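Student: Mind having a look at this structure? Questions to follow.
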Amino acid sequence: MSALLGRVQQAAGLLQKTSLLGQAGPAILYASARGFAAEAEAGGIPVEVHNEGGSKRVVVTKELPGERWLKLLTQADCRVEVSKHPEVITSKDTIKKLIGSQCDGVLGQLTEDWGSELFSALQKAGGSTYSNYAVGFNNVDVGAATESKVSVGNTPGVLTETTAELAVALTMAAARRVVEADSFMRAGKYEGWLPTLFVGALLQNKTVGIIGAGRIGAAYARMMSEGHKMDIVYYDPYPSKKLEEYMKGYGELLKSQGERPVTCTRVETMEEVFKAGDVVSLHCALDEKTKHLADKKMLGMMKEDAILINAARGPIHHEEDLVAHLKANPNFRCGLDVFEDEPHMKPGLADCANAVIVPHIASASQWTRSGMATLAAANIAGRLQDFPVWDKPDMLPFVDGPFDQIPKASPNILNAKDLGL
Ligand SMILES: O=C(O)[C@H](O)CO
């Protein structure tokens, strides 16, 4: 009873505070998935408000999974306003309205265009910190953020295995024609076993080519090699000693068991990877050098029955060239998690039965998506409490283990050095 009374008193306090803050309109208290929250409006946009009395205001542009992220922000004395705008991709206009005239930090999405317009709006509202809910940050102009004295966080270290596993799933689905076969069954076309029905490619002992052997590329390479005894050929401007040493040890283990030892070779050019791979998987960042990397010329170098995987960023492949290549080479296959003009596909792609296509879900495991939320929130909460920037690559202390043992640090701030943090 007294708890209920407390809630009612809190609600009354909220009505007063929201009007005092001048950010949100009249609020209604309700039970949300994470305890009590308030429904209100910020700049005319519906928001869910948590810890309404918090001294700092943090805007979150999309509903996020898990609870740890919210606890981190509210314990840092933040009033958290989660946008309930129905737009799937939050526009700049909406974000500016959400920021309003007073905002300390924003937790935003990879689909949003974070350039000078938004960073100066944030700076004008007194804000000093932004975190992308993603490891990739090609949607963020980090230089513009630095000019506006806004720190930019991202979420490395919790996407690695989840993303690599989806890339493996795409590879297997493409190699063994799983999606085509599934559609065939659902359409009621199966009339009986046949020697020629949905014959695909065997991966065992073949070669997997990797463009970009960072955390995700290396994890994918290991999964493919350990699972299917594939040789690895990779291109990366920096050698991955860790991957090479691991594969050397794995090769020795196989040899000791009387099996063929696998190899792991770093090559000088991307062309070599495209030529050698039975599978080529793209794991590089999107930049001027990698945009349209998988174009007509590079696709033309691939084996006629090879498989191309992209779970990195859409514009790394040239989608019109890829559609033409898929059409001209029915034994060639691809697995795509990302698209050049996301969320759209180039004409003809959806008609290619030799393409497996999924909607940018490579990081979509419960653990990873909650972990990304925690890291993004910790980036913001850390800056607002003037905590240092975490100096180790291991992000697990933030996302696993007891809440009171979360390091007092911002896990990853991309412009830390430029901002003198
Ligand atoms: O960059 C990222 O974090 C991923 O693309 C999200 O899935």
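Note on naming: chains are A, B, ... as they come in the structure tokens, residues start from 1 per chain, ligands start from 1 in the order shown.
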Select the residues contacting ligand 1 at a distance of at most 12 Å, based on only C-alpha atoms and all ligand atoms, then format the selection as an MDAnalysis selection string.
Tutor: chainID A and resid 108:111 131:140 153:164 166:167 216 283:286 310:314 337:339 342 358:365 368:369 371:373 375:376
Student: At a cut-off of 9 Å, using only C-alpha atoms, what residues contact Ala173 of chain A? Leave out same-chain residues fewer than 6 positions from it and give the result as a VMD selection string.
Tutor: chain A and resid 179 335 356
Student: Could those selected residues go to a file with all heavy atoms, as a PDB file, in the first residue's frame?
Tutor:
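Saved to result-v6.pdb:
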ATOM      1  N   VAL A 179      17.354 -21.983 -48.176  1.00  0.00           N
ATOM      2  CA  VAL A 179      16.168 -21.131 -48.325  1.00  0.00           C
ATOM      3  C   VAL A 179      15.322 -21.567 -49.519  1.00  0.00           C
ATOM      4  O   VAL A 179      14.096 -21.663 -49.437  1.00  0.00           O
ATOM      5  CB  VAL A 179      16.581 -19.643 -48.432  1.00  0.00           C
ATOM      6  CG1 VAL A 179      15.379 -18.754 -48.660  1.00  0.00           C
ATOM      7  CG2 VAL A 179      17.324 -19.230 -47.162  1.00  0.00           C
ATOM      8  N   GLY A 335      25.248 -14.609 -49.728  1.00  0.00           N
ATOM      9  CA  GLY A 335      24.478 -14.477 -48.492  1.00  0.00           C
ATOM     10  C   GLY A 335      24.649 -13.049 -48.007  1.00  0.00           C
ATOM     11  O   GLY A 335      25.773 -12.616 -47.755  1.00  0.00           O
ATOM     12  N   VAL A 356      20.804 -15.557 -50.626  1.00  0.00           N
ATOM     13  CA  VAL A 356      20.127 -15.661 -49.325  1.00  0.00           C
ATOM     14  C   VAL A 356      20.156 -14.266 -48.727  1.00  0.00           C
ATOM     15  O   VAL A 356      21.225 -13.661 -48.608  1.00  0.00           O
ATOM     16  CB  VAL A 356      20.852 -16.663 -48.395  1.00  0.00           C
ATOM     17  CG1 VAL A 356      20.166 -16.717 -47.041  1.00  0.00           C
ATOM     18  CG2 VAL A 356      20.907 -18.040 -49.032  1.00  0.00           C
TER      19      VAL A 356
END
Student: Show me, as a PDB file with all heavy atoms, in the first residue's frame, the residues that have an atom within 9 Å of Glu244 of chain A when counting only C-alpha atoms, minus same-chain residues fewer than 3 positions from it.
Tutor:
ATOM      1  N   PRO A 239      48.732  -7.700 -40.331  1.00  0.00           N
ATOM      2  CA  PRO A 239      48.682  -9.156 -40.139  1.00  0.00           C
ATOM      3  C   PRO A 239      47.951  -9.502 -38.844  1.00  0.00           C
ATOM      4  O   PRO A 239      48.075  -8.777 -37.854  1.00  0.00           O
ATOM      5  CB  PRO A 239      50.155  -9.557 -40.014  1.00  0.00           C
ATOM      6  CG  PRO A 239      50.962  -8.354 -40.344  1.00  0.00           C
ATOM      7  CD  PRO A 239      50.082  -7.152 -40.287  1.00  0.00           C
ATOM      8  N   SER A 240      47.182 -10.572 -38.875  1.00  0.00           N
ATOM      9  CA  SER A 240      46.538 -11.027 -37.646  1.00  0.00           C
ATOM     10  C   SER A 240      47.369 -12.169 -37.081  1.00  0.00           C
ATOM     11  O   SER A 240      47.135 -13.333 -37.360  1.00  0.00           O
ATOM     12  CB  SER A 240      45.104 -11.487 -37.928  1.00  0.00           C
ATOM     13  OG  SER A 240      44.552 -11.988 -36.734  1.00  0.00           O
ATOM     14  N   LYS A 241      48.355 -11.787 -36.270  1.00  0.00           N
ATOM     15  CA  LYS A 241      49.268 -12.785 -35.681  1.00  0.00           C
ATOM     16  C   LYS A 241      48.482 -13.791 -34.848  1.00  0.00           C
ATOM     17  O   LYS A 241      48.777 -14.984 -34.846  1.00  0.00           O
ATOM     18  CB  LYS A 241      50.295 -12.069 -34.786  1.00  0.00           C
ATOM     19  CG  LYS A 241      51.344 -11.306 -35.572  1.00  0.00           C
ATOM     20  CD  LYS A 241      52.511 -12.238 -35.957  1.00  0.00           C
ATOM     21  CE  LYS A 241      53.404 -11.648 -37.011  1.00  0.00           C
ATOM     22  NZ  LYS A 241      53.093 -11.968 -38.406  1.00  0.00           N
ATOM     23  N   MET A 247      45.731 -20.788 -35.902  1.00  0.00           N
ATOM     24  CA  MET A 247      45.529 -21.734 -36.992  1.00  0.00           C
ATOM     25  C   MET A 247      46.724 -22.675 -37.141  1.00  0.00           C
ATOM     26  O   MET A 247      46.574 -23.829 -37.520  1.00  0.00           O
ATOM     27  CB  MET A 247      45.252 -21.000 -38.311  1.00  0.00           C
ATOM     28  CG  MET A 247      43.933 -20.239 -38.348  1.00  0.00           C
ATOM     29  SD  MET A 247      42.494 -21.126 -37.703  1.00  0.00           S
ATOM     30  CE  MET A 247      42.456 -22.530 -38.779  1.00  0.00           C
ATOM     31  N   LYS A 248      47.916 -22.139 -36.816  1.00  0.00           N
ATOM     32  CA  LYS A 248      49.107 -22.992 -36.874  1.00  0.00           C
ATOM     33  C   LYS A 248      48.966 -24.134 -35.857  1.00  0.00           C
ATOM     34  O   LYS A 248      49.182 -25.315 -36.159  1.00  0.00           O
ATOM     35  CB  LYS A 248      50.344 -22.137 -36.558  1.00  0.00           C
ATOM     36  CG  LYS A 248      51.621 -22.781 -36.909  1.00  0.00           C
ATOM     37  CD  LYS A 248      52.762 -21.762 -36.885  1.00  0.00           C
ATOM     38  CE  LYS A 248      54.068 -22.512 -36.821  1.00  0.00           C
ATOM     39  NZ  LYS A 248      54.934 -22.049 -35.752  1.00  0.00           N
ATOM     40  N   GLY A 249      48.544 -23.752 -34.657  1.00  0.00           N
ATOM     41  CA  GLY A 249      48.343 -24.755 -33.595  1.00  0.00           C
ATOM     42  C   GLY A 249      47.260 -25.743 -33.995  1.00  0.00           C
ATOM     43  O   GLY A 249      47.377 -26.955 -33.765  1.00  0.00           O
ATOM     44  N   THR A 263      45.691 -24.516 -43.491  1.00  0.00           N
ATOM     45  CA  THR A 263      46.668 -23.427 -43.590  1.00  0.00           C
ATOM     46  C   THR A 263      45.962 -22.084 -43.406  1.00  0.00           C
ATOM     47  O   THR A 263      44.753 -21.970 -43.612  1.00  0.00           O
ATOM     48  CB  THR A 263      47.359 -23.432 -44.963  1.00  0.00           C
ATOM     49  OG1 THR A 263      46.352 -23.280 -45.971  1.00  0.00           O
ATOM     50  CG2 THR A 263      48.139 -24.711 -45.201  1.00  0.00           C
ATOM     51  N   CYS A 264      46.742 -21.088 -43.044  1.00  0.00           N
ATOM     52  CA  CYS A 264      46.202 -19.736 -42.906  1.00  0.00           C
ATOM     53  C   CYS A 264      47.219 -18.779 -43.537  1.00  0.00           C
ATOM     54  O   CYS A 264      48.337 -18.648 -43.039  1.00  0.00           O
ATOM     55  CB  CYS A 264      45.992 -19.413 -41.425  1.00  0.00           C
ATOM     56  SG  CYS A 264      45.420 -17.729 -41.142  1.00  0.00           S
ATOM     57  N   THR A 265      46.845 -18.155 -44.638  1.00  0.00           N
ATOM     58  CA  THR A 265      47.805 -17.347 -45.395  1.00  0.00           C
ATOM     59  C   THR A 265      47.319 -15.924 -45.558  1.00  0.00           C
ATOM     60  O   THR A 265      46.195 -15.700 -46.038  1.00  0.00           O
ATOM     61  CB  THR A 265      47.994 -17.960 -46.815  1.00  0.00           C
ATOM     62  OG1 THR A 265      48.141 -19.369 -46.682  1.00  0.00           O
ATOM     63  CG2 THR A 265      49.189 -17.371 -47.540  1.00  0.00           C
ATOM     64  N   ARG A 266      48.166 -14.991 -45.197  1.00  0.00           N
ATOM     65  CA  ARG A 266      47.843 -13.577 -45.470  1.00  0.00           C
ATOM     66  C   ARG A 266      48.398 -13.230 -46.842  1.00  0.00           C
ATOM     67  O   ARG A 266      49.560 -13.495 -47.134  1.00  0.00           O
ATOM     68  CB  ARG A 266      48.468 -12.682 -44.409  1.00  0.00           C
ATOM     69  CG  ARG A 266      48.260 -11.207 -44.697  1.00  0.00           C
ATOM     70  CD  ARG A 266      48.734 -10.362 -43.536  1.00  0.00           C
ATOM     71  NE  ARG A 266      48.694  -8.958 -43.872  1.00  0.00           N
ATOM     72  CZ  ARG A 266      49.753  -8.196 -44.066  1.00  0.00           C
ATOM     73  NH1 ARG A 266      50.969  -8.697 -43.936  1.00  0.00           N
ATOM     74  NH2 ARG A 266      49.614  -6.924 -44.375  1.00  0.00           N
TER      75      ARG A 266
END
Student: Point out the residue among A:Asn412, A:Thr94, A:Ser256, A:Gln385 with the least atom-to-atom distance to Phe398 of chain A, counting only C-alpha atoms.
Tutor: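 So, comparing all the options, the nearest one is A:Asn412.
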Student: Any idea what's packed within 6 Å of segment 42-58 of chain A, counting only C-alpha atoms, ignoring anything in its chain fewer than 5 positions away? Could you give it as a VMD selection string?
Tutor: chain A and resid 23 to 24 37 77 to 84 97 to 98 103 to 106
Student: Between atom CA of Pro411 of chain A and atom CA of Asn379 of chain A, what is the distance, to one decimal in Å?
Tutor: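 A separation of 5.7 Å between them.
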Student: Near Ala416 of chain A, within 10 Å and counting only C-alpha atoms, which residues show up once chain neighbours fewer than 2 positions away are dropped, as a ChimeraX atom specification?
Tutor: /A:146,150-153,388-389,410,412-414,418-421
Student: When distances are computed from only C-alpha atoms, which of A:Ala40, A:Val208, A:Ala145, A:Val323 shows the smallest separation from Phe119 of chain A?
Tutor: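 Counting only C-alpha atoms, the residue closest to Phe119 of chain A is A:Ala145.
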Student: Looking at only C-alpha atoms, which of A:Met395, A:Ala38, A:Lys149, A:Val233 is the one that sits closest to Thr374 of chain A?
Tutor: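 Of A:Met395, A:Ala38, A:Lys149, A:Val233, the one nearest Thr374 of chain A is A:Met395, counting only C-alpha atoms.
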